[in-house]
Amino acid sequence: MLILGKVKKAKNPYRVVVASYAIAILIGTLLLAMPFSNKDGEWHLGINSIFLAANAISVTGLDPISGGMGNLLAPFGFVVTLILAQIGGLGIMTISSFVIFLISNHLSANVENLAMQDIGESHGEILKMLITKAVKFTLISEGIGTILLTILFYNSDANLSLDSSAFHGLFFSVMAFCNAGISLYPNSIGDFISSPAIQLVFILLATTGGIGFIVISELTSKYFFSKKHTYKDKLSLHTKTIIITTIAIIITATLLILLLEYNGKAFSDAGIRTWYQKLLSSLFHVSQSRNAGFSTIPTSSLTNASIILTMCVMFIGAAPGSTAGGIKVTSLAIMIATIRSQINNRKETVLFERTINSTVVRDTFIIFYLYIASLIIGTFCLAITEQHNSLHQLRDILFEVLSALTTTGLSTGITPHLTGWSKLCIVVCMFIGRLGPITIVMLLAKRNQQYLNRFPEEHISVG
């Protein structure tokens, strides 16, 4: 609230957004470092506390503790992690704007601008409705998920008490919907691989959280809860693109993973034998690779081809305005449409018989290039800090950096064994991934500076 109180003085709204997440990580670090957050009752103010706080706020899911977070954190520490992930999933500005809107029923222009950066909507009136719906839908979805998972955990082979099952249900429901991927177990949810129902709930929560609040708002307004639904209530280009692209990616990647790993080591190591178990595990892996980060099969056991496919899915991510990272499925659709238009010698980008604004196309490719640049720089830095560890191959390092940048949280198992400097690099990658590389660039940009002079044009060869 103190930060939002100073918004009027902020010339660059991106600075406020970046500062808000940085302060949230700092507060989370202090809370997680305190004695009552740790099993041994001692202070743990160090790189692991910073990592865990950034991990939760960025809803990533990487585990820097050998043997899992459960070896370090006490129940209070997991509660702090849960709260941080909820804040990170919804977005600090979204939550703050919701509180302000409840109190005053009004958002100032500057606060609206900040919330726009956080939730991905550019229209003020729609934004107010969207913020309210986002918070309500999140709480409802997580509430339903908590009830279902509590029942399933209580009746699982883990022999959990009702209290423990309820906490498991709440914790995993929030982590799945927020695409955080943080687990109470060192092997993610591998202990529940024999429960198809638990896996399906995780898939539904992660997919719902990753589809975006804008899409959810449109679907609930026009189709599910509208009494005046007519044929004219067609889906917007934004929603149509997200739904079709998401379905195409999930189906294609699931079938490819199933074929690549059908007789492979990953399924056998996880004890998966039947074809329908392999199909469900493939679907679960793809749905979580899009951003949630939970796993039932060991990522390190996947073939190189499956690792590359997983990295492609991670890089794309889910929908804009969601709890997910990556370049987003809309960016992929626009890039493909742009390339197709260029091949067909069309000057404008056309998607589903609609022309895409040239500024949107430009921003799409800028986001793509910035993610590539961030990935190369992050991998380069980690290759330097891990050069004395021969066990960490380039594949593992590249996968780790991409997982942090896309806030996915999957790992080949090297996270706990990284050096302090490497973990700091991963923290920076997670921070950039949660905000988006373009936010960091806009933080440094001179937004009010305009260039009126035009230089002579000259030809240069490419390709």
# chains A, B, ... in the order shown; residues from 1 in each chain; ligands from 1
call {"tool": "residues_around", "arguments": {"residues": "range 375-386 of chain A", "least_positions_apart": "6", "cutoff": "10 Å", "atoms": "only C-alpha atoms", "output": "PyMOL selection string"}}
result
chain A and resi 315+369+392-406+417-426+428-429
call {"tool": "write_last_selection", "arguments": {"atoms": "N, CA and C atoms", "output": "short mmCIF file (atom, residue, chain, number, x, y, z; two decimals), in the first residue's frame"}}
result
data_model
loop_
_atom_site.label_atom_id
_atom_site.label_comp_id
_atom_site.auth_asym_id
_atom_site.auth_seq_id
_atom_site.Cartn_x
_atom_site.Cartn_y
_atom_site.Cartn_z
N PHE A 315 9.13 -23.00 -23.11
CA PHE A 315 9.44 -21.71 -23.72
C PHE A 315 8.16 -20.99 -24.17
N TYR A 369 12.74 -12.25 -28.90
CA TYR A 369 14.17 -11.99 -28.93
C TYR A 369 14.73 -11.78 -27.52
N HIS A 392 27.48 -31.55 -14.10
CA HIS A 392 26.42 -30.72 -14.67
C HIS A 392 26.71 -30.44 -16.14
N GLN A 393 26.00 -31.15 -17.00
CA GLN A 393 26.19 -31.02 -18.43
C GLN A 393 25.48 -29.77 -18.95
N LEU A 394 25.83 -29.38 -20.17
CA LEU A 394 25.23 -28.19 -20.78
C LEU A 394 23.72 -28.35 -20.90
N ARG A 395 23.26 -29.57 -21.19
CA ARG A 395 21.83 -29.84 -21.30
C ARG A 395 21.12 -29.50 -20.00
N ASP A 396 21.70 -29.92 -18.88
CA ASP A 396 21.09 -29.67 -17.57
C ASP A 396 21.08 -28.18 -17.24
N ILE A 397 22.17 -27.49 -17.55
CA ILE A 397 22.27 -26.06 -17.26
C ILE A 397 21.28 -25.27 -18.11
N LEU A 398 21.21 -25.58 -19.39
CA LEU A 398 20.27 -24.91 -20.29
C LEU A 398 18.84 -25.13 -19.84
N PHE A 399 18.53 -26.35 -19.45
CA PHE A 399 17.18 -26.69 -19.00
C PHE A 399 16.85 -25.93 -17.71
N GLU A 400 17.80 -25.83 -16.81
CA GLU A 400 17.59 -25.14 -15.52
C GLU A 400 17.31 -23.66 -15.73
N VAL A 401 18.10 -23.02 -16.58
CA VAL A 401 17.93 -21.59 -16.85
C VAL A 401 16.59 -21.33 -17.53
N LEU A 402 16.24 -22.16 -18.50
CA LEU A 402 14.95 -21.99 -19.19
C LEU A 402 13.79 -22.19 -18.23
N SER A 403 13.92 -23.17 -17.35
CA SER A 403 12.88 -23.43 -16.36
C SER A 403 12.67 -22.23 -15.45
N ALA A 404 13.76 -21.56 -15.08
CA ALA A 404 13.67 -20.36 -14.23
C ALA A 404 13.09 -19.18 -15.00
N LEU A 405 13.55 -18.97 -16.23
CA LEU A 405 13.07 -17.84 -17.04
C LEU A 405 11.59 -17.96 -17.38
N THR A 406 11.12 -19.19 -17.57
CA THR A 406 9.71 -19.40 -17.91
C THR A 406 8.88 -19.70 -16.67
N HIS A 417 22.36 -28.81 -5.98
CA HIS A 417 23.81 -28.97 -6.06
C HIS A 417 24.50 -27.78 -6.73
N LEU A 418 23.74 -26.75 -7.06
CA LEU A 418 24.33 -25.56 -7.67
C LEU A 418 25.13 -24.77 -6.64
N THR A 419 26.13 -24.05 -7.10
CA THR A 419 26.91 -23.17 -6.22
C THR A 419 26.05 -21.97 -5.81
N GLY A 420 26.52 -21.24 -4.80
CA GLY A 420 25.80 -20.07 -4.36
C GLY A 420 25.61 -19.05 -5.46
N TRP A 421 26.66 -18.82 -6.26
CA TRP A 421 26.58 -17.87 -7.37
C TRP A 421 25.59 -18.35 -8.43
N SER A 422 25.57 -19.66 -8.67
CA SER A 422 24.64 -20.22 -9.65
C SER A 422 23.20 -20.03 -9.19
N LYS A 423 22.97 -20.27 -7.90
CA LYS A 423 21.61 -20.08 -7.36
C LYS A 423 21.19 -18.61 -7.46
N LEU A 424 22.13 -17.71 -7.27
CA LEU A 424 21.83 -16.28 -7.42
C LEU A 424 21.46 -15.96 -8.86
N CYS A 425 22.16 -16.58 -9.81
CA CYS A 425 21.81 -16.41 -11.23
C CYS A 425 20.41 -16.90 -11.51
N ILE A 426 20.04 -18.03 -10.92
CA ILE A 426 18.71 -18.60 -11.11
C ILE A 426 17.66 -17.68 -10.49
N VAL A 428 17.82 -14.43 -10.26
CA VAL A 428 17.65 -13.32 -11.22
C VAL A 428 16.80 -13.77 -12.40
N CYS A 429 17.03 -14.98 -12.88
CA CYS A 429 16.25 -15.51 -14.00
C CYS A 429 14.77 -15.66 -13.62
#
call {"tool": "residues_around", "arguments": {"residues": "Thr299 in chain A", "least_positions_apart": "4", "cutoff": "10 Å", "atoms": "only C-alpha atoms", "output": "count of residues only"}}
result
11
call {"tool": "residues_around", "arguments": {"residues": "range 24-37 of chain A", "least_positions_apart": "3", "cutoff": "8 Å", "atoms": "only C-alpha atoms", "output": "PyMOL selection string"}}
result
chain A and resi 20-21+40-46+49-50+52-54+57+73-78+80-81+84
call {"tool": "closest_residue", "arguments": {"among": "A:Thr239, A:Ser183, A:Ser156, A:Thr60", "to": "Gly321 in chain A", "atoms": "only C-alpha atoms"}}
result
A:Thr239
call {"tool": "residues_around", "arguments": {"residues": "Ser173 in chain A", "least_positions_apart": "3", "cutoff": "6 Å", "atoms": "only C-alpha atoms", "output": "ChimeraX atom specification"}}
result
/A:142,145-146,169-170,176
call {"tool": "atom_distance", "arguments": {"atom1": "CA of Ile367 in chain A", "atom2": "CA of Thr338 in chain A"}}
result
14.7 Å
call {"tool": "closest_residue", "arguments": {"among": "A:Thr132, A:Ser141, A:Ser236, A:Thr252", "to": "Thr207 in chain A", "atoms": "only C-alpha atoms"}}
result
A:Ser141
call {"tool": "select_by_dssp", "arguments": {"residues": "range 371-455 of chain A", "states": "helix (DSSP H, G or I)", "output": "JSON, numbers by chain"}}
result
{"A": [371, 372, 373, 374, 375, 376, 377, 378, 379, 380, 381, 382, 383, 384, 385, 394, 395, 396, 397, 398, 399, 400, 401, 402, 403, 404, 405, 415, 416, 417, 420, 421, 422, 423, 424, 425, 426, 427, 428, 429, 430, 431, 432, 433, 434, 435, 437, 438, 439, 440, 441, 442, 443, 444]}
call {"tool": "residues_around", "arguments": {"residues": "Ala85 in chain A", "least_positions_apart": "5", "cutoff": "8 Å", "atoms": "only C-alpha atoms", "output": "list in words"}}
result
Ala56, Ile57, Ser58, Val59, Val174, Met175, Cys178 and Ala180 of chain A
call {"tool": "residues_around", "arguments": {"residues": "Phe192 in chain A", "least_positions_apart": "4", "cutoff": "10 Å", "atoms": "only C-alpha atoms", "output": "PyMOL selection string"}}
result
chain A and resi 153+156-158+188+196-199+296
call {"tool": "write_last_selection", "arguments": {"atoms": "C-alpha atoms", "output": "PDB file, in the first residue's frame"}}
result
ATOM      1  CA  PHE A 153      -5.399 -37.438  -0.391  1.00  0.00           C
ATOM      2  CA  SER A 156      -4.927 -42.358  -1.018  1.00  0.00           C
ATOM      3  CA  ASP A 157      -2.272 -44.920  -0.138  1.00  0.00           C
ATOM      4  CA  ALA A 158      -0.302 -42.253   1.772  1.00  0.00           C
ATOM      5  CA  SER A 188       7.119 -33.539  -6.532  1.00  0.00           C
ATOM      6  CA  PRO A 196      -5.245 -40.944 -11.774  1.00  0.00           C
ATOM      7  CA  ALA A 197      -7.851 -38.765 -10.028  1.00  0.00           C
ATOM      8  CA  ILE A 198      -5.218 -36.672  -8.230  1.00  0.00           C
ATOM      9  CA  GLN A 199      -3.318 -36.204 -11.478  1.00  0.00           C
ATOM     10  CA  THR A 296       5.281 -37.738 -11.767  1.00  0.00           C
TER      11      THR A 296
END
call {"tool": "closest_residue", "arguments": {"among": "A:Leu184, A:Ala318, A:Ile203, A:Ile440", "to": "Met69 in chain A", "atoms": "only C-alpha atoms"}}
result
A:Leu184
call {"tool": "closest_residue", "arguments": {"among": "A:Ala333, A:Ala134, A:Leu62, A:Met311", "to": "Lys240 in chain A", "atoms": "only C-alpha atoms"}}
result
A:Ala333
call {"tool": "atom_distance", "arguments": {"atom1": "CA of Leu391 in chain A", "atom2": "CA of Lys278 in chain A"}}
result
29.5 Å
call {"tool": "select_by_dssp", "arguments": {"residues": "range 240-449 of chain A", "states": "strand (DSSP E or B)", "output": "ChimeraX atom specification"}}
result
/A:349-351,354-356
call {"tool": "write_last_selection", "arguments": {"atoms": "N, CA and C atoms", "output": "compact mmCIF listing (two decimals), in the first residue's frame"}}
result
# COMPACT_ATOMS: atom_id res chain seq x y z
N THR A 349 -0.16 -8.96 -40.96
CA THR A 349 -0.31 -10.27 -40.32
C THR A 349 -1.79 -10.56 -40.14
N VAL A 350 -2.23 -11.71 -40.64
CA VAL A 350 -3.65 -12.09 -40.58
C VAL A 350 -3.79 -13.36 -39.74
N LEU A 351 -4.71 -13.31 -38.76
CA LEU A 351 -4.95 -14.45 -37.89
C LEU A 351 -6.45 -14.65 -37.74
N ARG A 354 -8.54 -11.94 -39.28
CA ARG A 354 -8.43 -10.64 -38.62
C ARG A 354 -7.01 -10.14 -38.77
N THR A 355 -6.87 -8.85 -39.06
CA THR A 355 -5.55 -8.24 -39.20
C THR A 355 -5.01 -7.85 -37.83
N ILE A 356 -3.78 -8.26 -37.55
CA ILE A 356 -3.14 -7.96 -36.27
C ILE A 356 -2.39 -6.64 -36.39
call {"tool": "atom_distance", "arguments": {"atom1": "CA of Thr150 in chain A", "atom2": "CA of Ser164 in chain A"}}
result
8.6 Å
call {"tool": "closest_residue", "arguments": {"among": "A:Val286, A:Leu435, A:Ile251, A:Ile366", "to": "Gly325 in chain A", "atoms": "only C-alpha atoms"}}
result
A:Leu435
call {"tool": "closest_residue", "arguments": {"among": "A:Ile414, A:Leu279, A:Ile242, A:Val462", "to": "Ser331 in chain A", "atoms": "only C-alpha atoms"}}
result
A:Ile242
